[in-house]
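Visitor: The structure follows.
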Amino acid sequence: MFNKKKQQIQALEGELSGIRQVAALQALAIDTFSTAQSKRYAGNEYRDYKTTIAEIAKKYDGSAEWGVLQTGNIIDVRAAFIIGQGVAAIPLEKKDVESNEVNFTRDFFAFNKLSRNMALEMAKEAEIEGCFLGQLNYAPKEKQVSLRFKSRIETPYTIKTAAGDYLDYTSAEFDASGSASASTLAAEVFIYARFGGRLSKLNEPMPKVGKCLTQIEAIDKALRDLREINHLFAAPIPTIECATAEDAEKMAGEAAKINWALRKLIAISGRFVFAAPNLQYGSESLDKEITTNAKMISGTTGTPPHFLGFPELLSNRSTADNLMESVAASTSKERGTWLDAYEEILRKAFAIYNENSGLTPLDPKKIKIVIPFVTAEAWKRISDIYLPLFLADGLSLSTLLSQIPELDVDREIEAIDAKNNEALDRFSKGGLDRDKKDVQDKAVNNSEEGE
């Protein structure tokens, strides 16, 4: 009787122990789940301006851990569309084509290598930092003015303004960094242009790509997750199912003895399979995450999806046909900012030249800055619609020429008229010469007949 009671107590203790283990596992599961749920995620990991532009620079340089490819493509594509065919300076009036102002501007562009490539490089820097600071200096030997970009990342600076006027830039104050001491630039020798941020926060011009760095990194991380899944799928685990634990222990010992490897035949008494995870749902989820982030990045930066590596997102014909127009529209604000910046650059360069050269003062109002930009769609519209109408006398030449951006229609028509008049004069002169020759030949023939 006593033994029977003892066995019952032991059974109850075993059940209680099992209940405790289950409770402990449940508590562990609940705790783990709660910990996972309490982990904080941020839709935007980059909320500080200085940290953001430093990270963008690292991604563009290729030294960052995530998002190098996408960030580099976005900045290069946007800069190319912003600058278009390059920056050019033209005289406002035809009579100033050979003026001193035009000659100085031409030399200024050549001296500072402000060809399309240099303009493109400065546009890239502005896309990285969200702003552009250029310093002007007089070069007495060449009697020219130099323009040099100053990086906010390498040489931190703060733009100061007049009291109560955030658009009146009075100075640029550089912080002491490394061996360089603190310094200040007066308003007359620098140009500051902002390409992002708010009007009142002129020293925090967040660039467009900075608003989606988290999504850019998410693409790289999802691709890495796919790589990990592929690694698991490429290395399935060989599994031998045995009836008992003793059989499994014996089978493990036998497998170790024969040093079994893939491509070797193995004969066993148990069931042999390759165990691998189900990859379908995880891969599909990652694919959706990648494409969704790509769409968000494209929408934020105006960069077409195929430049991010997703040409399949342009399967819609109407979207693909208007693609370049959409990119041009998304970069039009920055292009306008650069026009204003180059006009200020030229105006201050003229002032520095006038003050230091001792030569005839130059008038910057005689020069106009243009950034010609014509998309393939615009040319197609001109060739398919406007040109046939012009050839059919359905519209005037001035209307046709007005469809070409940044073209001086009046000047072109004057040039065409002058060319036509010149050709007409040559034709008329040639006709008179032929008539005169015919009269002379006829007179000679009549003279010969009289003799």
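Going through the structure tokens in order, the chains are called A, B, and so on, while each chain numbers its residues from 1 and the ligands are numbered from 1 in the order shown.
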Set the distance at 10 Å and use only C-alpha atoms: which residues neighbour Ala79 of chain A once local chain neighbours fewer than 3 positions away are removed? I'd like the list as a list in words.
Guide: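 The residues that qualify are Asn73, Ile74, Ile75, Asp76, Ile82, Ile83, Gly84, Ala119, Leu120, Glu121, Met122, Ala123, Lys124, Glu125, Ala126, Glu127, Thr331, Glu334 and Arg335 of chain A.
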Visitor: One decimal, in Å: what's the spacing between atom CA of Phe350 of chain A and atom CA of Asp363 of chain A?
Guide: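 Going from atom CA of Phe350 of chain A over to atom CA of Asp363 of chain A covers 7.3 Å.
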Visitor: Using only C-alpha atoms, which of A:Asp165, A:Asn420, A:Thr155, A:Gly336 sits nearest Ala180 of chain A?
Guide: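 The answer is A:Thr155, which sits nearest to Ala180 of chain A.
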Visitor: So which residues of segment 21-153 of chain A fall under helix (DSSP H, G or I) by DSSP, listed as a count of residues only?
Guide: 76
Visitor: Do a neighbour search on Gly86 of chain A at 8 Å with only C-alpha atoms, toss out local chain neighbours closer than 4 positions, and write the hits as a short mmCIF file (atom, residue, chain, number, x, y, z; two decimals) with N, CA and C atoms, in the first residue's frame.
Guide:
```
data_model
loop_
_atom_site.label_atom_id
_atom_site.label_comp_id
_atom_site.auth_asym_id
_atom_site.auth_seq_id
_atom_site.Cartn_x
_atom_site.Cartn_y
_atom_site.Cartn_z
N SER A 115 33.06 73.64 -68.44
CA SER A 115 32.42 72.92 -69.53
C SER A 115 31.30 72.10 -68.95
N ARG A 116 30.69 71.26 -69.75
CA ARG A 116 29.60 70.45 -69.25
C ARG A 116 30.09 69.52 -68.14
N ASN A 117 31.30 68.98 -68.25
CA ASN A 117 31.79 68.03 -67.26
C ASN A 117 31.97 68.68 -65.89
N ALA A 119 30.54 71.47 -64.82
CA ALA A 119 29.21 71.85 -64.34
C ALA A 119 28.49 70.63 -63.79
N LEU A 120 28.71 69.49 -64.44
CA LEU A 120 28.09 68.24 -63.97
C LEU A 120 28.65 67.82 -62.62
N ILE A 371 20.71 77.05 -69.69
CA ILE A 371 21.03 75.62 -69.57
C ILE A 371 20.10 74.89 -70.55
N PRO A 372 20.52 74.76 -71.82
CA PRO A 372 19.65 74.13 -72.82
C PRO A 372 19.30 72.70 -72.43
#
```
